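Chemist: Just run10.cif, nothing more (mmCIF, C-alpha atoms and all ligand atoms):
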data_my_file
loop_
_atom_site.label_atom_id
_atom_site.label_comp_id
_atom_site.auth_asym_id
_atom_site.auth_seq_id
_atom_site.Cartn_x
_atom_site.Cartn_y
_atom_site.Cartn_z
CA MET A 1 114.96 72.92 134.19
CA PRO A 2 117.71 70.23 134.09
CA SER A 3 118.68 68.88 137.51
CA LYS A 4 121.80 70.07 139.30
CA VAL A 5 125.07 68.29 138.61
CA ASN A 6 126.59 66.64 141.69
CA VAL A 7 130.34 67.20 141.74
CA GLY A 8 133.36 65.92 143.67
CA ILE A 9 136.60 67.92 143.76
CA ILE A 10 139.98 66.19 144.03
CA GLY A 11 142.78 68.44 145.24
CA ALA A 12 142.17 71.49 147.39
CA GLY A 13 145.30 73.51 146.66
CA ARG A 14 145.50 76.83 144.83
CA ILE A 15 143.36 75.99 141.81
CA GLY A 16 141.16 73.44 143.61
CA LYS A 17 140.01 76.07 146.10
CA LEU A 18 139.28 78.48 143.26
CA HIS A 19 137.12 75.97 141.38
CA ALA A 20 135.43 74.91 144.63
CA GLU A 21 134.46 78.50 145.40
CA HIS A 22 133.07 79.02 141.92
CA LEU A 23 131.13 75.75 141.92
CA ALA A 24 129.77 76.39 145.41
CA HIS A 25 128.98 80.09 145.21
CA ARG A 26 128.72 81.13 141.56
CA ILE A 27 127.43 78.17 139.61
CA PRO A 28 123.92 77.34 140.81
CA GLN A 29 123.65 74.44 138.33
CA ALA A 30 126.28 72.54 140.38
CA ARG A 31 126.25 71.02 143.84
CA VAL A 32 129.59 70.01 145.38
CA LEU A 33 129.08 66.89 147.50
CA ALA A 34 132.68 66.15 148.46
CA VAL A 35 136.25 67.43 148.32
CA SER A 36 139.37 65.32 148.80
CA ASP A 37 143.00 66.18 149.41
CA ILE A 38 145.83 63.98 150.65
CA VAL A 39 146.34 66.79 153.17
CA LEU A 40 143.11 66.37 155.12
CA ASN A 41 143.29 69.85 156.58
CA ALA A 42 143.28 71.35 153.08
CA ALA A 43 140.12 69.42 152.20
CA GLN A 44 138.48 70.38 155.49
CA GLN A 45 139.27 74.08 155.10
CA CYS A 46 137.93 74.06 151.57
CA ALA A 47 134.79 72.23 152.68
CA ALA A 48 134.21 74.75 155.48
CA THR A 49 134.60 77.77 153.16
CA CYS A 50 132.39 76.31 150.46
CA ASN A 51 129.76 74.47 152.55
CA ILE A 52 130.78 71.10 151.11
CA PRO A 53 129.27 68.26 153.21
CA THR A 54 132.17 65.76 152.89
CA ALA A 55 135.90 66.39 153.27
CA THR A 56 138.17 63.38 152.88
CA GLN A 57 141.79 62.39 152.48
CA ASP A 58 140.85 59.55 150.11
CA HIS A 59 139.67 60.40 146.61
CA ARG A 60 138.07 56.92 146.36
CA VAL A 61 135.29 58.24 148.62
CA ILE A 62 134.39 60.46 145.63
CA MET A 63 134.84 57.75 143.02
CA ASP A 64 132.66 55.34 145.03
CA ASN A 65 129.81 57.80 145.63
CA PRO A 66 127.07 56.91 143.12
CA ASP A 67 125.43 60.34 143.59
CA ILE A 68 128.51 62.11 142.18
CA GLU A 69 128.24 62.47 138.39
CA ALA A 70 131.30 64.58 137.72
CA VAL A 71 134.77 64.99 139.20
CA VAL A 72 136.97 68.06 139.02
CA ILE A 73 140.63 67.02 139.18
CA CYS A 74 142.80 69.76 140.65
CA SER A 75 145.51 67.70 142.34
CA SER A 76 149.20 67.78 141.41
CA THR A 77 150.01 67.06 137.77
CA ASP A 78 151.54 63.63 138.41
CA THR A 79 148.16 62.35 139.67
CA HIS A 80 145.98 63.48 136.75
CA ALA A 81 146.35 60.56 134.34
CA HIS A 82 145.53 57.81 136.81
CA LEU A 83 142.70 59.83 138.38
CA ILE A 84 141.19 60.26 134.90
CA GLU A 85 141.38 56.49 134.43
CA GLU A 86 139.78 55.85 137.82
CA ALA A 87 137.03 58.39 137.24
CA ALA A 88 136.29 57.00 133.79
CA ALA A 89 136.09 53.47 135.22
CA ALA A 90 133.65 54.80 137.84
CA GLY A 91 131.52 56.34 135.06
CA LYS A 92 132.09 59.95 136.15
CA HIS A 93 132.35 62.89 133.79
CA ILE A 94 135.69 64.62 134.21
CA PHE A 95 137.07 68.13 134.31
CA CYS A 96 140.85 67.89 134.61
CA GLU A 97 143.33 70.68 135.10
CA LYS A 98 146.13 71.00 132.56
CA PRO A 99 148.39 69.25 131.86
CA ILE A 100 147.00 65.70 131.69
CA ASP A 101 150.55 64.37 132.13
CA PHE A 102 154.03 64.92 130.66
CA ASP A 103 154.20 61.37 129.31
CA LEU A 104 152.38 60.74 126.04
CA ALA A 105 151.84 57.02 126.70
CA ARG A 106 150.18 57.83 130.02
CA ILE A 107 148.05 60.50 128.37
CA ASP A 108 146.98 58.01 125.71
CA ARG A 109 146.00 55.43 128.32
CA ALA A 110 143.90 58.02 130.13
CA LEU A 111 142.19 59.17 126.91
CA THR A 112 141.47 55.59 125.91
CA ALA A 113 139.84 55.00 129.30
CA VAL A 114 137.64 58.07 128.72
CA ASP A 115 136.62 56.86 125.25
CA THR A 116 135.93 53.34 126.48
CA ALA A 117 133.75 54.59 129.32
CA GLY A 118 131.96 57.11 127.09
CA VAL A 119 132.29 59.87 129.70
CA LYS A 120 132.97 63.52 129.00
CA LEU A 121 136.41 65.03 129.57
CA GLN A 122 137.13 68.76 129.60
CA ILE A 123 140.71 70.02 130.01
CA GLY A 124 141.36 73.20 132.01
CA PHE A 125 142.64 75.46 129.27
CA ASN A 126 140.79 78.38 130.78
CA ARG A 127 142.23 81.11 128.58
CA ARG A 128 139.94 80.03 125.74
CA PHE A 129 137.11 81.32 127.92
CA ASP A 130 138.68 84.74 128.52
CA PRO A 131 136.19 87.20 126.99
CA ASN A 132 138.95 89.13 125.17
CA PHE A 133 140.68 86.13 123.60
CA LYS A 134 137.32 84.52 122.82
CA ARG A 135 136.32 87.68 120.93
CA VAL A 136 139.58 87.55 118.95
CA HIS A 137 138.86 83.90 118.15
CA ASP A 138 135.28 84.63 117.10
CA MET A 139 136.34 87.58 114.88
CA ILE A 140 138.81 85.32 113.09
CA GLN A 141 136.17 82.61 112.65
CA GLU A 142 133.74 85.20 111.26
CA GLY A 143 136.32 86.13 108.62
CA ARG A 144 136.75 89.72 109.86
CA ILE A 145 140.51 89.70 109.17
CA GLY A 146 140.41 87.55 106.06
CA GLU A 147 142.84 84.65 105.92
CA PRO A 148 145.12 84.61 109.00
CA GLN A 149 148.80 84.94 108.13
CA LEU A 150 150.66 85.87 111.33
CA LEU A 151 150.02 85.19 115.02
CA HIS A 152 151.77 86.86 117.94
CA ILE A 153 151.33 85.84 121.55
CA ILE A 154 153.02 87.76 124.34
CA SER A 155 152.84 85.86 127.61
CA ARG A 156 154.98 87.08 130.48
CA ASP A 157 154.55 86.36 134.15
CA PRO A 158 154.99 89.09 136.79
CA SER A 159 157.56 87.03 138.71
CA PRO A 160 159.07 83.56 138.58
CA PRO A 161 157.75 80.69 140.70
CA PRO A 162 159.82 79.37 143.64
CA ILE A 163 162.85 77.27 142.62
CA ALA A 164 161.32 74.21 144.32
CA TYR A 165 158.39 74.54 141.87
CA VAL A 166 160.68 75.12 138.88
CA LYS A 167 162.45 71.82 139.62
CA VAL A 168 159.22 69.77 139.32
CA SER A 169 157.37 71.94 136.80
CA GLY A 170 158.40 69.98 133.71
CA GLY A 171 160.24 73.04 132.40
CA MET A 172 158.96 76.39 131.15
CA PHE A 173 157.66 75.09 127.83
CA LEU A 174 155.45 72.47 129.48
CA ASP A 175 154.50 74.54 132.51
CA MET A 176 153.99 78.04 131.15
CA THR A 177 154.10 78.00 127.34
CA ILE A 178 151.61 75.13 127.32
CA HIS A 179 148.80 77.69 127.73
CA ASP A 180 150.18 79.67 124.78
CA PHE A 181 150.42 76.54 122.63
CA ASP A 182 146.75 75.96 123.36
CA MET A 183 145.95 79.59 122.54
CA ALA A 184 147.82 79.30 119.23
CA ARG A 185 145.72 76.28 118.20
CA TYR A 186 142.52 77.90 119.47
CA LEU A 187 142.98 81.21 117.67
CA THR A 188 144.10 79.80 114.33
CA GLY A 189 141.93 76.67 114.39
CA CYS A 190 144.91 74.93 112.86
CA GLU A 191 147.61 72.50 113.96
CA VAL A 192 151.30 73.36 114.21
CA GLN A 193 153.70 71.43 111.99
CA SER A 194 157.05 72.49 113.42
CA ILE A 195 158.53 74.59 116.20
CA TYR A 196 161.76 76.48 116.63
CA ALA A 197 162.54 77.67 120.16
CA ALA A 198 165.30 79.98 121.32
CA GLY A 199 165.63 80.39 125.07
CA GLY A 200 167.82 81.75 127.81
CA VAL A 201 168.19 82.58 131.47
CA LYS A 202 167.72 86.33 131.86
CA VAL A 203 165.72 86.60 135.07
CA ASP A 204 167.35 84.42 137.73
CA PRO A 205 170.53 82.29 137.42
CA ALA A 206 169.02 79.89 139.98
CA ILE A 207 166.43 78.92 137.34
CA GLY A 208 169.29 77.98 135.01
CA GLU A 209 171.01 76.04 137.80
CA ALA A 210 167.74 74.14 138.27
CA GLY A 211 167.99 73.10 134.62
CA ASP A 212 165.31 75.42 133.22
CA ILE A 213 165.08 78.67 131.25
CA ASP A 214 163.09 81.80 132.02
CA THR A 215 162.99 83.61 128.69
CA ALA A 216 162.05 82.31 125.24
CA ILE A 217 160.93 83.11 121.73
CA ILE A 218 159.12 80.28 120.01
CA THR A 219 158.38 80.25 116.29
CA LEU A 220 155.44 78.18 115.07
CA HIS A 221 154.87 76.92 111.53
CA PHE A 222 151.24 75.88 111.07
CA ASP A 223 149.95 73.23 108.67
CA ASN A 224 148.12 75.91 106.66
CA GLY A 225 151.19 78.15 106.32
CA VAL A 226 150.36 80.59 109.12
CA LEU A 227 153.48 81.75 111.01
CA GLY A 228 153.40 82.46 114.71
CA THR A 229 155.55 83.65 117.57
CA ILE A 230 155.23 83.20 121.31
CA ASP A 231 157.26 85.50 123.52
CA ASN A 232 157.68 84.29 127.11
CA SER A 233 159.34 85.72 130.17
CA ARG A 234 159.06 84.59 133.77
CA GLN A 235 159.36 88.22 134.91
CA ALA A 236 157.78 91.36 133.54
CA VAL A 237 158.43 94.08 136.11
CA TYR A 238 155.18 95.88 135.20
CA GLY A 239 153.02 92.81 135.93
CA TYR A 240 151.23 90.07 134.03
CA ASP A 241 151.59 90.75 130.31
CA GLN A 242 149.06 88.79 128.25
CA ARG A 243 148.43 89.99 124.72
CA VAL A 244 147.64 88.45 121.36
CA GLU A 245 147.48 89.71 117.78
CA VAL A 246 146.45 87.88 114.63
CA PHE A 247 147.17 89.51 111.29
CA GLY A 248 145.42 88.41 108.12
CA SER A 249 144.81 89.22 104.47
CA GLY A 250 141.89 91.49 105.42
CA GLY A 251 143.13 93.14 108.61
CA SER A 252 144.23 92.32 112.12
CA VAL A 253 142.67 91.73 115.51
CA ARG A 254 144.35 92.02 118.88
CA ALA A 255 143.58 91.85 122.58
CA ASP A 256 145.53 93.92 125.08
CA ASN A 257 146.20 93.58 128.77
CA VAL A 258 143.39 93.97 131.26
CA TYR A 259 143.63 96.73 133.85
CA PRO A 260 141.97 97.02 137.25
CA ASN A 261 140.40 100.34 136.21
CA THR A 262 140.22 102.74 133.27
CA ALA A 263 141.74 105.77 135.02
CA VAL A 264 144.53 107.45 133.05
CA VAL A 265 146.51 110.33 134.52
CA SER A 266 147.86 112.99 132.16
CA ASN A 267 150.12 115.75 133.47
CA ALA A 268 152.82 118.04 132.19
CA GLN A 269 155.44 115.30 132.35
CA THR A 270 153.69 112.13 131.25
CA VAL A 271 150.58 110.02 130.81
CA TYR A 272 150.18 106.95 132.98
CA ARG A 273 147.80 104.41 134.43
CA ASP A 274 147.78 101.59 136.99
CA LEU A 275 149.58 98.35 136.15
CA PRO A 276 147.71 95.45 134.51
CA LEU A 277 145.91 92.90 136.69
CA ASN A 278 148.75 91.18 138.46
CA PHE A 279 148.55 87.44 137.85
CA PHE A 280 146.35 84.65 136.59
CA MET A 281 144.06 84.48 139.61
CA GLU A 282 143.00 88.08 138.94
CA ARG A 283 143.47 88.34 135.17
CA TYR A 284 141.65 85.16 134.25
CA ILE A 285 139.02 84.95 136.98
CA ASP A 286 136.13 85.31 134.50
CA SER A 287 137.59 82.56 132.35
CA TYR A 288 137.79 80.11 135.26
CA ILE A 289 134.12 80.67 136.00
CA ALA A 290 133.12 80.44 132.32
CA GLU A 291 135.03 77.20 131.71
CA MET A 292 133.38 75.54 134.72
CA VAL A 293 129.90 76.76 133.75
CA THR A 294 130.52 75.29 130.31
CA PHE A 295 131.59 71.94 131.75
CA ILE A 296 128.57 71.72 134.05
CA GLU A 297 126.23 72.67 131.20
CA CYS A 298 127.79 70.05 128.92
CA VAL A 299 127.07 67.41 131.57
CA GLN A 300 123.52 68.71 132.09
CA ARG A 301 122.73 68.87 128.37
CA ASP A 302 124.72 65.81 127.35
CA GLN A 303 126.93 67.85 125.01
CA SER A 304 130.59 67.42 124.14
CA PRO A 305 132.87 69.88 126.00
CA PRO A 306 134.71 72.41 123.82
CA VAL A 307 138.19 71.51 125.13
CA ILE A 308 138.60 67.74 124.95
CA GLY A 309 141.33 65.14 125.45
CA ILE A 310 143.18 65.79 122.21
CA ASP A 311 143.35 69.48 123.16
CA GLY A 312 145.12 68.37 126.33
CA ARG A 313 147.49 66.12 124.43
CA VAL A 314 148.68 68.29 121.52
CA PRO A 315 150.16 71.12 123.64
CA VAL A 316 152.26 68.51 125.48
CA VAL A 317 153.63 67.33 122.13
CA MET A 318 154.31 71.00 121.28
CA GLY A 319 156.08 71.52 124.60
CA LYS A 320 158.30 68.50 123.97
CA ALA A 321 159.06 69.75 120.46
CA ALA A 322 160.01 73.16 121.86
CA GLN A 323 162.30 71.53 124.45
CA LYS A 324 164.01 69.44 121.78
CA SER A 325 164.33 72.45 119.48
CA TYR A 326 165.92 74.52 122.24
CA GLN A 327 168.33 71.72 123.16
CA GLU A 328 169.33 70.92 119.59
CA GLY A 329 169.18 74.44 118.14
CA ARG A 330 167.03 73.50 115.15
CA PRO A 331 163.35 73.46 114.11
CA VAL A 332 161.57 70.30 115.27
CA ALA A 333 158.56 68.80 113.50
CA LEU A 334 155.82 67.60 115.83
CA CYS A 335 155.85 64.22 114.06
CA GLU A 336 159.40 63.70 115.41
CA ILE A 337 157.97 63.68 118.93
CA GLU A 338 155.14 61.31 117.99
CA LYS A 339 157.60 58.79 116.51
CA LYS A 340 159.47 58.30 119.80
N1 LIG B 1 144.56 76.29 134.44
C1 LIG B 1 145.35 77.05 135.15
O1 LIG B 1 145.49 78.23 134.92
C2 LIG B 1 146.09 76.44 136.31
C3 LIG B 1 146.58 77.28 137.31
C4 LIG B 1 147.24 76.71 138.40
C5 LIG B 1 147.42 75.33 138.45
N2 LIG B 1 146.94 74.56 137.44
C6 LIG B 1 147.14 73.09 137.49
O2 LIG B 1 146.37 72.58 138.58
C7 LIG B 1 147.08 71.56 139.23
C8 LIG B 1 147.23 71.92 140.70
O3 LIG B 1 147.97 73.12 140.80
P1 LIG B 1 147.95 74.02 142.13
O4 LIG B 1 148.67 75.26 141.78
O5 LIG B 1 146.56 74.12 142.69
O6 LIG B 1 148.86 73.12 143.08
P2 LIG B 1 148.83 73.02 144.67
O7 LIG B 1 150.09 72.35 145.03
O8 LIG B 1 148.47 74.34 145.27
O9 LIG B 1 147.59 72.04 144.97
C9 LIG B 1 147.59 70.67 144.66
C10 LIG B 1 146.81 69.96 145.77
O10 LIG B 1 146.60 68.61 145.37
C11 LIG B 1 146.75 67.80 146.53
N3 LIG B 1 146.95 66.41 146.10
C12 LIG B 1 148.08 65.82 145.60
N4 LIG B 1 147.83 64.53 145.28
C13 LIG B 1 146.53 64.30 145.57
C14 LIG B 1 145.66 63.19 145.45
N5 LIG B 1 146.10 62.01 144.98
N6 LIG B 1 144.36 63.32 145.84
C15 LIG B 1 143.90 64.49 146.33
N7 LIG B 1 144.69 65.60 146.46
C16 LIG B 1 145.97 65.50 146.10
C17 LIG B 1 147.91 68.43 147.29
O11 LIG B 1 147.92 68.04 148.64
C18 LIG B 1 147.58 69.93 147.10
O12 LIG B 1 146.75 70.42 148.14
C19 LIG B 1 148.42 71.40 138.49
O13 LIG B 1 148.31 70.35 137.58
C20 LIG B 1 148.58 72.71 137.76
O14 LIG B 1 149.29 72.59 136.55
C21 LIG B 1 146.27 75.08 136.39
#
Now that the file is in, can you turn its structure into structure tokens?
Ligand SMILES: NC(=O)c1ccc[n+]([C@@H]2O[C@H](COP(=O)([O-])OP(=O)(O)OC[C@H]3O[C@@H](n4cnc5c(N)ncnc54)[C@H](O)[C@@H]3O)[C@@H](O)[C@H]2O)c1

Modeler:
Amino acid sequence: MPSKVNVGIIGAGRIGKLHAEHLAHRIPQARVLAVSDIVLNAAQQCAATCNIPTATQDHRVIMDNPDIEAVVICSSTDTHAHLIEEAAAAGKHIFCEKPIDFDLARIDRALTAVDTAGVKLQIGFNRRFDPNFKRVHDMIQEGRIGEPQLLHIISRDPSPPPIAYVKVSGGMFLDMTIHDFDMARYLTGCEVQSIYAAGGVKVDPAIGEAGDIDTAIITLHFDNGVLGTIDNSRQAVYGYDQRVEVFGSGGSVRADNVYPNTAVVSNAQTVYRDLPLNFFMERYIDSYIAEMVTFIECVQRDQSPPVIGIDGRVPVVMGKAAQKSYQEGRPVALCEIEKK
């Protein structure tokens, strides 16, 4: 039996609390020794709920603890890159929430620090661990649909985030579509060459006034000739709409929404059922547990994580290409973003 992995969690907000609960209560291979948050009360509340012995305002308490082998970075996006560098310098393995950063030079510095230190880095693209999307991926890999030709991703939120969040989110392509960019790479196993994005403000004019969009269609041209679309909305009135389909020379495979139950009512007027699971905390709960189990096992078994630094970097390049495409009204090759 490999020994337990001692973990420190940085950031005890929405996603930090979720990971803390999983690590503390559902992942027996892990032991959380400390949690930090610049808001001490947030760290203390998280520590109390999850029986974590140390709560601190200073993440260096985690970095300096020689018993902690791995850190889970769940703080605000603008802190990720330097925390990765600090953790790598301290010799800790790293799980970091997406995105690493919005700035490619900062991402590159962080990834270099990881390589230099020889530590593991897993990026929090949890949807790869969703059992439905993983099955789609595996079917494609097994050749069940022949050669993939078309990819469709529908990804619509139940309601938009607060305007204060929109203003600092990096824009819809980097905040929301980034998960879909990762899914596109994961499902096809291929890189995107160019992107054409059309977008608009259909949900809330305040989102437009904040300089963002809330509705988009993104066309992807892959290196191997596969064509893809991503369809995003910040508001689907029937709830969280998360579907994929891949069509190939030998068939197609798709995954539909997930519902809280299988009950379907049929009567003289209509057939109906309950709405899909409402948002990511419900819809993707299994995937958050599975990604963290995978990270802990990779540390225990000295294996490379399945979602590494480059997987964190490429979707940021794709998001920037989509932004440029939307602004300039033309397809943008990813190499144009790299050249800057
Ligand atoms: N994978 C996913 O599905 C998913 C979902 C939600 C959020 N996220 C990502 O997780 C990150 C956090 O998002 P959130 O929704 O939990 O935000 P949040 O605002 O709820 O929580 C962030 C927490 O980090 C703390 N913090 C900020 N700087 C810190 C520092 N230097 N040290 C310690 N704590 C610090 C804040 O006080 C806050 O409590 C973001 O990067 C976001 O993109 C990923």

Chemist: One decimal, in Å: what's the spacing between atom CA of Ile289 of chain A and atom CA of Leu18 of chain A?

Modeler: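 Spanning atom CA of Ile289 of chain A to atom CA of Leu18 of chain A is a straight-line distance of 9.2 Å.
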
Chemist: Could you list, as a tab-separated table (two decimals) with C-alpha atoms, in the coordinates of the input, every residue within 12 Å of Ile107 of chain A, counting only C-alpha atoms and ignoring same-chain residues fewer than 2 positions away?

Modeler:
chain	number	residue	atom	x	y	z
A	77	THR	CA	150.01	67.06	137.77
A	78	ASP	CA	151.54	63.63	138.41
A	79	THR	CA	148.16	62.35	139.67
A	80	HIS	CA	145.98	63.48	136.75
A	81	ALA	CA	146.35	60.56	134.34
A	82	HIS	CA	145.53	57.81	136.81
A	83	LEU	CA	142.70	59.83	138.38
A	84	ILE	CA	141.19	60.26	134.90
A	85	GLU	CA	141.38	56.49	134.43
A	98	LYS	CA	146.13	71.00	132.56
A	99	PRO	CA	148.39	69.25	131.86
A	100	ILE	CA	147.00	65.70	131.69
A	101	ASP	CA	150.55	64.37	132.13
A	102	PHE	CA	154.03	64.92	130.66
A	103	ASP	CA	154.20	61.37	129.31
A	104	LEU	CA	152.38	60.74	126.04
A	105	ALA	CA	151.84	57.02	126.70
A	109	ARG	CA	146.00	55.43	128.32
A	110	ALA	CA	143.90	58.02	130.13
A	111	LEU	CA	142.19	59.17	126.91
A	112	THR	CA	141.47	55.59	125.91
A	113	ALA	CA	139.84	55.00	129.30
A	114	VAL	CA	137.64	58.07	128.72
A	309	GLY	CA	141.33	65.14	125.45
A	310	ILE	CA	143.18	65.79	122.21
A	311	ASP	CA	143.35	69.48	123.16
A	312	GLY	CA	145.12	68.37	126.33
A	313	ARG	CA	147.49	66.12	124.43
A	314	VAL	CA	148.68	68.29	121.52
A	315	PRO	CA	150.16	71.12	123.64
A	316	VAL	CA	152.26	68.51	125.48
A	317	VAL	CA	153.63	67.33	122.13

Chemist: Would you list the contacts of Asp58 of chain A as a PyMOL selection string, taking every protein, DNA or RNA residue within 9 Å and counting only C-alpha atoms, but skipping same-chain residues closer than 6 positions in sequence?

Modeler: chain A and resi 36-38+40

Chemist: Grab the residues selected above and save them as a PDB file, in the frame of the given file with C-alpha atoms.

Modeler:
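After the write, out.pdb holds the following:
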ATOM      1  CA  SER A  36     139.370  65.320 148.800  1.00  0.00           C
ATOM      2  CA  ASP A  37     143.000  66.180 149.410  1.00  0.00           C
ATOM      3  CA  ILE A  38     145.830  63.980 150.650  1.00  0.00           C
ATOM      4  CA  LEU A  40     143.110  66.370 155.120  1.00  0.00           C
TER       5      LEU A  40
END

Chemist: Output as JSON the centre and edge lengths (Å, one decimal) of the box along x, y and z of the file that holds every listed atom of ligand LIG 1 (chain B) after adding 8 Å on each side.

Modeler:
{"center_x": 147.0, "center_y": 70.1, "center_z": 141.5, "size_x": 22.2, "size_y": 32.2, "size_z": 30.2}

Chemist: Using only C-alpha atoms, give me every residue within 10 Å of (137.6, 74.1, 145.9) in file coordinates, as a ChimeraX atom specification.

Modeler: /A:8-24,32,34-36,42-43,45-47,49-50,52,72,74

Chemist: Counting all atoms listed in the file, what is within 12 Å of Tyr186 of chain A, bar same-chain residues fewer than 6 positions away, as a list in words?

Modeler: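 Listing them by chain and then by number gives Phe125, Asn126, Arg127, Arg128, Phe129, Asp130, Phe133, Lys134, Arg135, Val136, His137, Asp138, Ile140, Gln141, Leu151, His179, Asp180, Val192, Val244, Val246, Pro306, Val307, Asp311, Val314 and Pro315 of chain A.
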
Chemist: Please provide the set of residues having any atom within 12 Å of Leu220 of chain A, restricted to all atoms listed in the file, with same-chain residues fewer than 3 positions apart removed, written as number ranges by chain.

Modeler: A: 149-153, 180-181, 184-185, 188, 190-198, 217, 223-231, 318-319, 321-322, 325, 331-334

Chemist: Would you please work out which residue, of A:Ser287, A:Ser249, A:Gln327, A:Thr219, is nearest to ligand LIG 1 (chain B) when using only C-alpha atoms and all ligand atoms?

Modeler: A:Ser287

Chemist: Excluding Pro161 of chain A and its own-chain neighbours fewer than 4 positions away, which residues fall within 10 Å of it when counting all atoms listed in the file? Please give them as a VMD selection string.

Modeler: chain A and resid 157 165 to 166 169 207 234 to 235

Chemist: For segment 8-68 of chain A in the structure I just supplied, write out C-alpha atoms - as a short mmCIF file (atom, residue, chain, number, x, y, z; two decimals), in the first residue's frame.

Modeler:
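Result saved to decode_30.cif:
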data_model
loop_
_atom_site.label_atom_id
_atom_site.label_comp_id
_atom_site.auth_asym_id
_atom_site.auth_seq_id
_atom_site.Cartn_x
_atom_site.Cartn_y
_atom_site.Cartn_z
CA GLY A 8 -1.87 21.74 1.20
CA ILE A 9 -4.73 23.71 -0.35
CA ILE A 10 -4.28 27.34 -1.40
CA GLY A 11 -7.53 29.26 -1.79
CA ALA A 12 -10.69 28.33 0.08
CA GLY A 13 -13.31 29.90 -2.16
CA ARG A 14 -15.92 28.10 -4.24
CA ILE A 15 -13.70 25.52 -5.92
CA GLY A 16 -11.15 25.33 -3.07
CA LYS A 17 -13.85 24.23 -0.63
CA LEU A 18 -15.07 21.63 -3.11
CA HIS A 19 -11.61 20.11 -3.57
CA ALA A 20 -10.97 20.29 0.18
CA GLU A 21 -14.15 18.34 0.90
CA HIS A 22 -13.27 15.69 -1.66
CA LEU A 23 -9.68 15.35 -0.45
CA ALA A 24 -10.76 15.22 3.18
CA HIS A 25 -13.83 13.01 2.95
CA ARG A 26 -13.74 11.05 -0.30
CA ILE A 27 -10.12 10.43 -1.17
CA PRO A 28 -8.58 8.23 1.53
CA GLN A 29 -5.20 8.24 -0.26
CA ALA A 30 -4.82 11.96 0.63
CA ARG A 31 -4.34 13.79 3.90
CA VAL A 32 -4.87 17.56 3.93
CA LEU A 33 -2.42 19.14 6.38
CA ALA A 34 -3.12 22.82 5.75
CA VAL A 35 -5.38 25.27 3.93
CA SER A 36 -4.55 28.91 3.22
CA ASP A 37 -6.63 31.86 2.09
CA ILE A 38 -5.84 35.57 2.20
CA VAL A 39 -9.22 35.80 3.92
CA LEU A 40 -8.34 33.95 7.13
CA ASN A 41 -11.96 33.27 7.98
CA ALA A 42 -12.41 31.39 4.69
CA ALA A 43 -9.42 29.17 5.49
CA GLN A 44 -10.65 28.60 9.04
CA GLN A 45 -14.17 27.67 7.95
CA CYS A 46 -12.81 25.26 5.38
CA ALA A 47 -10.44 23.74 7.94
CA ALA A 48 -13.30 23.27 10.42
CA THR A 49 -15.57 21.57 7.86
CA CYS A 50 -12.83 19.30 6.57
CA ASN A 51 -10.88 18.56 9.78
CA ILE A 52 -7.75 20.23 8.41
CA PRO A 53 -5.23 20.84 11.25
CA THR A 54 -3.78 24.16 9.97
CA ALA A 55 -5.61 27.20 8.61
CA THR A 56 -3.47 30.15 7.60
CA GLN A 57 -3.60 33.45 5.77
CA ASP A 58 -0.09 32.92 4.37
CA HIS A 59 0.42 30.30 1.67
CA ARG A 60 4.16 30.24 2.52
CA VAL A 61 3.23 28.20 5.60
CA ILE A 62 2.27 25.47 3.09
CA MET A 63 5.30 25.98 0.86
CA ASP A 64 7.65 25.82 3.86
CA ASN A 65 6.14 22.66 5.37
CA PRO A 66 8.46 19.78 4.43
CA ASP A 67 5.73 17.22 5.18
CA ILE A 68 3.52 18.61 2.39
#
